[in-house]
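Trainee: Next comes data-v9.tsv, TSV, C-alpha atoms:
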chain	number	residue	atom	x	y	z
S	23	MET	CA	60.07	74.25	108.44
S	24	PRO	CA	60.71	77.86	107.41
S	25	GLN	CA	59.62	78.86	103.93
S	26	PHE	CA	59.53	82.13	102.10
S	27	SER	CA	58.21	83.04	98.67
S	28	THR	CA	57.69	86.28	96.82
S	29	LYS	CA	56.66	87.43	93.36
S	30	ARG	CA	57.73	90.76	91.95
S	31	ARG	CA	57.10	92.43	88.65
S	32	VAL	CA	60.29	94.11	87.50
S	33	ARG	CA	61.06	96.40	84.58
S	34	HIS	CA	63.72	94.15	83.06
S	35	ALA	CA	63.47	91.36	80.50
S	36	ALA	CA	63.06	87.83	81.88
S	37	ALA	CA	66.23	86.66	80.08
S	38	ASP	CA	68.23	89.53	81.64
S	39	MET	CA	66.94	88.72	85.13
S	40	PHE	CA	67.74	85.03	84.59
S	41	GLU	CA	71.34	85.92	83.60
S	42	LEU	CA	71.70	88.21	86.61
S	43	VAL	CA	70.58	85.53	89.09
S	44	ALA	CA	72.60	82.86	87.24
S	45	ASP	CA	75.80	84.90	87.71
S	46	VAL	CA	76.50	83.39	91.15
S	47	ASP	CA	80.13	84.56	91.14
S	48	LYS	CA	78.90	88.13	91.71
S	49	TYR	CA	76.70	87.36	94.74
S	50	PRO	CA	79.20	88.59	97.36
S	51	GLU	CA	78.94	92.04	95.75
S	52	PHE	CA	75.24	92.54	96.46
S	53	VAL	CA	73.37	89.58	98.02
S	54	PRO	CA	72.42	90.10	101.69
S	55	LEU	CA	74.50	87.94	104.09
S	56	CYS	CA	76.67	86.48	101.28
S	57	ALA	CA	80.23	86.94	102.51
S	58	ALA	CA	81.86	84.66	99.92
S	59	LEU	CA	81.04	82.28	97.11
S	60	LYS	CA	83.32	79.75	95.44
S	61	VAL	CA	82.28	77.85	92.33
S	62	ARG	CA	83.60	74.29	92.67
S	63	SER	CA	82.45	73.03	89.28
S	64	ARG	CA	80.47	74.11	86.24
S	65	THR	CA	79.05	71.53	83.81
S	66	GLU	CA	77.26	72.30	80.56
S	67	LYS	CA	74.45	69.84	79.75
S	68	SER	CA	72.76	70.64	76.41
S	69	GLU	CA	70.69	73.75	77.24
S	70	THR	CA	71.28	73.73	81.00
S	71	THR	CA	74.28	74.45	83.16
S	72	VAL	CA	74.90	72.81	86.54
S	73	VAL	CA	77.05	74.72	89.01
S	74	VAL	CA	78.26	73.36	92.33
S	75	ALA	CA	79.08	76.26	94.64
S	76	ALA	CA	80.00	76.87	98.26
S	77	MET	CA	78.43	79.99	99.75
S	78	THR	CA	79.49	81.51	103.04
S	79	VAL	CA	76.80	83.45	104.83
S	80	ALA	CA	77.84	85.68	107.69
S	81	TYR	CA	76.15	87.86	110.26
S	82	LYS	CA	78.17	89.55	112.98
S	83	VAL	CA	80.33	86.77	114.52
S	84	ILE	CA	78.39	83.87	112.97
S	85	SER	CA	79.62	82.44	109.69
S	86	GLN	CA	78.43	79.26	107.96
S	87	THR	CA	79.34	77.71	104.62
S	88	PHE	CA	77.07	75.44	102.64
S	89	THR	CA	77.40	73.73	99.28
S	90	SER	CA	74.63	73.47	96.73
S	91	ARG	CA	73.98	72.35	93.19
S	92	VAL	CA	72.51	75.11	91.04
S	93	THR	CA	70.72	74.05	87.85
S	94	LEU	CA	70.45	76.90	85.36
S	95	ASP	CA	67.61	76.00	83.00
S	96	LYS	CA	67.85	78.81	80.47
S	97	PRO	CA	65.18	77.56	77.98
S	98	ASN	CA	62.58	77.50	80.79
S	99	LEU	CA	63.97	80.58	82.58
S	100	GLN	CA	64.22	78.65	85.84
S	101	ILE	CA	66.96	78.21	88.43
S	102	LEU	CA	66.80	75.38	90.95
S	103	VAL	CA	69.12	75.23	93.97
S	104	GLU	CA	69.56	71.89	95.74
S	105	TYR	CA	71.40	71.52	99.04
S	106	LEU	CA	74.43	69.25	99.19
S	107	ASP	CA	76.32	69.94	102.44
S	108	GLY	CA	76.51	72.32	105.39
S	109	PRO	CA	74.51	73.48	108.42
S	110	PHE	CA	71.05	72.67	107.04
S	111	SER	CA	69.04	69.49	107.25
S	112	ARG	CA	67.40	70.68	104.04
S	113	LEU	CA	67.50	73.67	101.73
S	114	GLN	CA	65.86	74.12	98.37
S	115	ASN	CA	65.14	77.24	96.47
S	116	ARG	CA	63.77	78.09	93.08
S	117	TRP	CA	63.69	81.14	90.85
S	118	THR	CA	61.32	81.51	87.90
S	119	PHE	CA	61.19	84.35	85.41
S	120	LYS	CA	58.01	84.94	83.40
S	121	PRO	CA	58.01	87.52	80.60
S	122	THR	CA	55.20	90.08	80.89
S	123	GLY	CA	56.38	92.32	78.06
S	124	ASP	CA	59.51	93.28	76.13
S	125	ASN	CA	61.23	94.86	79.10
S	126	ALA	CA	59.30	93.44	82.02
S	127	CYS	CA	58.85	90.15	83.82
S	128	GLU	CA	57.55	88.52	86.95
S	129	VAL	CA	60.27	87.12	89.19
S	130	GLU	CA	59.26	84.41	91.63
S	131	PHE	CA	61.58	83.38	94.45
S	132	PHE	CA	60.84	80.42	96.76
S	133	ILE	CA	62.99	78.95	99.52
S	134	ASP	CA	62.38	76.11	101.97
S	135	TYR	CA	65.03	75.36	104.59
S	136	GLU	CA	65.70	73.94	108.02
S	137	PHE	CA	68.86	74.11	110.11
S	138	LYS	CA	70.32	70.90	111.57
S	139	SER	CA	70.98	72.62	114.89
S	140	ARG	CA	68.15	74.15	116.94
S	141	THR	CA	70.67	76.58	118.44
S	142	LEU	CA	71.78	77.77	115.03
S	143	ALA	CA	68.13	78.01	113.97
S	144	MET	CA	67.44	80.25	116.97
S	145	LEU	CA	70.52	82.40	116.32
S	146	MET	CA	70.13	82.77	112.56
S	147	GLY	CA	66.48	82.02	111.82
S	148	ALA	CA	65.01	85.50	112.23
S	149	MET	CA	68.00	87.06	110.47
S	150	PHE	CA	67.61	84.64	107.51
S	151	ASP	CA	63.92	85.55	107.25
S	152	THR	CA	64.83	89.24	107.09
S	153	ALA	CA	67.53	88.58	104.48
S	154	PHE	CA	65.19	86.55	102.24
S	155	ARG	CA	62.70	89.42	102.29
S	156	LYS	CA	65.50	91.65	100.98
S	157	PHE	CA	66.68	89.23	98.24
S	158	ALA	CA	64.16	90.27	95.60
S	159	VAL	CA	64.90	93.94	96.17
S	160	ALA	CA	68.67	93.31	96.08
S	161	PHE	CA	68.40	91.56	92.71
S	162	GLU	CA	66.11	94.24	91.30
S	163	GLN	CA	68.54	96.96	92.41
S	164	ARG	CA	71.41	94.99	90.88
S	165	ALA	CA	69.46	94.75	87.59
S	166	ASP	CA	68.91	98.52	87.62
S	167	LYS	CA	72.66	98.98	88.09
S	168	VAL	CA	73.71	96.42	85.42
S	169	TYR	CA	71.00	97.02	82.79
S	170	GLY	CA	69.95	100.58	83.61
S	171	LYS	CA	66.78	101.68	85.36
S	172	LYS	CA	63.81	101.30	83.02
S	173	PRO	CA	61.02	103.90	82.97
S	174	ALA	CA	57.67	102.96	84.49
Write out the structure in this file as structure tokens.
Mentor:
Amino acid sequence: MPQFSTKRRVRHAAADMFELVADVDKYPEFVPLCAALKVRSRTEKSETTVVVAAMTVAYKVISQTFTSRVTLDKPNLQILVEYLDGPFSRLQNRWTFKPTGDNACEVEFFIDYEFKSRTLAMLMGAMFDTAFRKFAVAFEQRADKVYGKKPA
């Protein structure tokens, strides 16, 4: 059962980083392996938003689409992604954003997944691991581009 987690301190406000990760429509522009993303529904529930989205991940000739429910919990600065359909037997990931100052925060990313097919796991497993290691950097670089690079 592959898992990956990372914590990074970034020079951007926690609320800004939350908004950046919550903006799933923009993922094909900068997220590693994300070839396409289609939001199927968006439901506002008091202070949270629930998005159902289909993401297509692609690497060379391999392309897979999966659907997940993304709960955007703005008051708690947390994003939870729950797997609904696709090539996995399970997939769950979580983002948390903890303020560490006015223009800084700690971003924690965790993912736990398993492919249904052993063949697909062998073909894409190592590549997924590499991509997840690049996720935090990709979001930090995106924040620098959107919000401006903050001085150290």
Trainee: Which residues, protein or nucleic acid, reach to within 12 Å of (72.7, 76.2, 74.3) in the file's coordinates when using all atoms listed in the file, and can you give that as a short mmCIF file (atom, residue, chain, number, x, y, z; two decimals) with C-alpha atoms, keeping the file's coordinate frame?
Mentor:
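Output file out-v6.cif is given in full below:
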data_model
loop_
_atom_site.label_atom_id
_atom_site.label_comp_id
_atom_site.auth_asym_id
_atom_site.auth_seq_id
_atom_site.Cartn_x
_atom_site.Cartn_y
_atom_site.Cartn_z
CA GLU S 66 77.26 72.30 80.56
CA LYS S 67 74.45 69.84 79.75
CA SER S 68 72.76 70.64 76.41
CA GLU S 69 70.69 73.75 77.24
CA THR S 70 71.28 73.73 81.00
CA THR S 71 74.28 74.45 83.16
CA LEU S 94 70.45 76.90 85.36
CA ASP S 95 67.61 76.00 83.00
CA LYS S 96 67.85 78.81 80.47
CA PRO S 97 65.18 77.56 77.98
#
Trainee: In Å, with one decimal, what is the gap from atom CA of S:Glu162 to atom CA of S:Asn115?
Mentor: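 Going from atom CA of S:Glu162 over to atom CA of S:Asn115, I get 17.8 Å.
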Trainee: So how many Å separate atom CA of S:Ala160 and atom CA of S:Val129, to one decimal?
Mentor: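 Calculated distance between atom CA of S:Ala160 and atom CA of S:Val129 is 12.5 Å.
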Trainee: Quick one: of S:Val32, S:Met77, S:Asp107, S:Thr141, who's nearest to S:Val159, counting all atoms listed in the file?
Mentor: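 The closest residue to S:Val159 is S:Val32.
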Trainee: Which residue out of S:Ala57, S:Ala37, S:Ala143, S:Leu42 has the minimum interatomic distance to S:Asp166 when all atoms listed in the file are used?
Mentor: S:Leu42
Trainee: Atom CA of S:Val168 to atom CA of S:Asp38: how many Å, to one decimal?
Mentor: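 Separating atom CA of S:Val168 from atom CA of S:Asp38 is a distance of 9.6 Å.
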Trainee: Tell me which of S:Arg64, S:Lys29, S:Arg140, S:Lys171 sits closest to S:Asp45, counting all atoms listed in the file.
Mentor: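 The closest residue to S:Asp45 is S:Arg64.
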Trainee: Would you kindly return, as an MDAnalysis selection string, each protein, DNA or RNA residue with an atom no farther than 8 Å from any atom of S:Tyr135, considering all atoms listed in the file and excluding same-chain residues fewer than 6 positions away?
Mentor: chainID S and resid 23:25 110:114
Trainee: Would you please work out which residue, of S:Tyr81, S:Lys120, S:Glu130, S:Leu99, is nearest to S:Ala148 when using only C-alpha atoms?
Mentor: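 Closest candidate: S:Tyr81.
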Trainee: Of the residues S:Val53, S:Ser90, S:Thr28, S:Arg116, which is the one nearest to S:Phe161, using all atoms listed in the file?
Mentor: S:Val53
Trainee: What are the centre and the three edge lengths of an axis-aligned box that wraps all atoms of stretch 103-121 of chain S in the file, given that 6 Å is added to every side, written as AutoDock Vina command-line options and rounded to one decimal in Å?
Mentor:
--center_x 67.3 --center_y 78.4 --center_z 94.5 --size_x 30.5 --size_y 30.3 --size_z 39.8
Trainee: If you count all atoms listed in the file, which residues fall within 9 Å of S:Ala44, apart from same-chain ones fewer than 4 positions away, as an NGL selection string?
Mentor: :S and (39-40 or 92 or 94 or 101)
Trainee: Quick one: residues within 6 Å of S:Asn125, all atoms listed in the file, excluding same-chain residues fewer than 3 positions away - as a PyMOL selection string?
Mentor: chain S and resi 33-35
Trainee: Can you work out which one of S:Trp117, S:Tyr105, S:Tyr169, S:Phe137 has the shortest atom-to-atom distance to S:Ala75, counting all atoms listed in the file?
Mentor: S:Tyr105
Trainee: Will you model all heavy atoms for stretch 73-84 of chain S and pass it back as a short mmCIF file (atom, residue, chain, number, x, y, z; two decimals), in the coordinates of the input?
Mentor:
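Result file follows (selection-v6.cif):
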data_model
loop_
_atom_site.label_atom_id
_atom_site.label_comp_id
_atom_site.auth_asym_id
_atom_site.auth_seq_id
_atom_site.Cartn_x
_atom_site.Cartn_y
_atom_site.Cartn_z
N VAL S 73 75.95 74.12 88.26
CA VAL S 73 77.05 74.72 89.01
C VAL S 73 77.01 74.16 90.42
O VAL S 73 75.94 74.13 91.05
CB VAL S 73 76.90 76.26 89.05
CG1 VAL S 73 77.99 76.89 89.90
CG2 VAL S 73 76.89 76.85 87.65
N VAL S 74 78.15 73.72 90.92
CA VAL S 74 78.26 73.36 92.33
C VAL S 74 79.06 74.48 92.99
O VAL S 74 80.17 74.82 92.53
CB VAL S 74 78.95 71.99 92.53
CG1 VAL S 74 79.18 71.71 94.02
CG2 VAL S 74 78.11 70.88 91.90
N ALA S 75 78.45 75.10 94.02
CA ALA S 75 79.08 76.26 94.64
C ALA S 75 78.99 76.19 96.15
O ALA S 75 78.03 75.64 96.70
CB ALA S 75 78.40 77.53 94.14
N ALA S 76 79.99 76.75 96.81
CA ALA S 76 80.00 76.87 98.26
C ALA S 76 79.80 78.34 98.60
O ALA S 76 80.57 79.19 98.17
CB ALA S 76 81.31 76.36 98.84
N MET S 77 78.74 78.62 99.35
CA MET S 77 78.43 79.99 99.75
C MET S 77 78.65 80.13 101.24
O MET S 77 78.22 79.28 102.02
CB MET S 77 76.99 80.34 99.41
CG MET S 77 76.58 81.74 99.85
SD MET S 77 74.81 82.03 99.65
CE MET S 77 74.81 82.92 98.11
N THR S 78 79.32 81.19 101.63
CA THR S 78 79.49 81.51 103.04
C THR S 78 78.56 82.66 103.38
O THR S 78 78.61 83.72 102.74
CB THR S 78 80.95 81.91 103.35
OG1 THR S 78 81.80 80.81 103.00
CG2 THR S 78 81.13 82.25 104.82
N VAL S 79 77.68 82.40 104.34
CA VAL S 79 76.80 83.45 104.83
C VAL S 79 77.33 83.88 106.19
O VAL S 79 77.79 83.03 106.98
CB VAL S 79 75.32 83.00 104.92
CG1 VAL S 79 74.75 82.75 103.54
CG2 VAL S 79 75.16 81.77 105.78
N ALA S 80 77.29 85.17 106.44
CA ALA S 80 77.84 85.68 107.69
C ALA S 80 76.97 86.80 108.24
O ALA S 80 76.41 87.59 107.48
CB ALA S 80 79.26 86.18 107.47
N TYR S 81 76.86 86.81 109.55
CA TYR S 81 76.15 87.86 110.26
C TYR S 81 76.84 88.06 111.59
O TYR S 81 76.92 87.12 112.40
CB TYR S 81 74.69 87.47 110.45
CG TYR S 81 73.88 88.52 111.18
CD1 TYR S 81 73.52 89.71 110.56
CD2 TYR S 81 73.49 88.32 112.50
CE1 TYR S 81 72.80 90.67 111.23
CE2 TYR S 81 72.74 89.28 113.17
CZ TYR S 81 72.41 90.44 112.53
OH TYR S 81 71.69 91.40 113.19
N LYS S 82 77.39 89.23 111.79
CA LYS S 82 78.17 89.55 112.98
C LYS S 82 79.26 88.49 113.16
O LYS S 82 80.08 88.32 112.28
CB LYS S 82 77.27 89.72 114.19
CG LYS S 82 76.31 90.90 114.03
CD LYS S 82 75.52 91.17 115.27
CE LYS S 82 74.60 92.36 115.01
NZ LYS S 82 73.83 92.75 116.14
N VAL S 83 79.26 87.75 114.27
CA VAL S 83 80.33 86.77 114.52
C VAL S 83 80.00 85.38 113.99
O VAL S 83 80.83 84.48 114.06
CB VAL S 83 80.69 86.68 116.02
CG1 VAL S 83 81.23 88.00 116.53
CG2 VAL S 83 79.50 86.22 116.84
N ILE S 84 78.80 85.19 113.46
CA ILE S 84 78.39 83.87 112.97
C ILE S 84 78.66 83.77 111.48
O ILE S 84 78.30 84.65 110.70
CB ILE S 84 76.89 83.62 113.24
CG1 ILE S 84 76.61 83.70 114.74
CG2 ILE S 84 76.45 82.28 112.68
CD1 ILE S 84 75.14 83.69 115.09
#
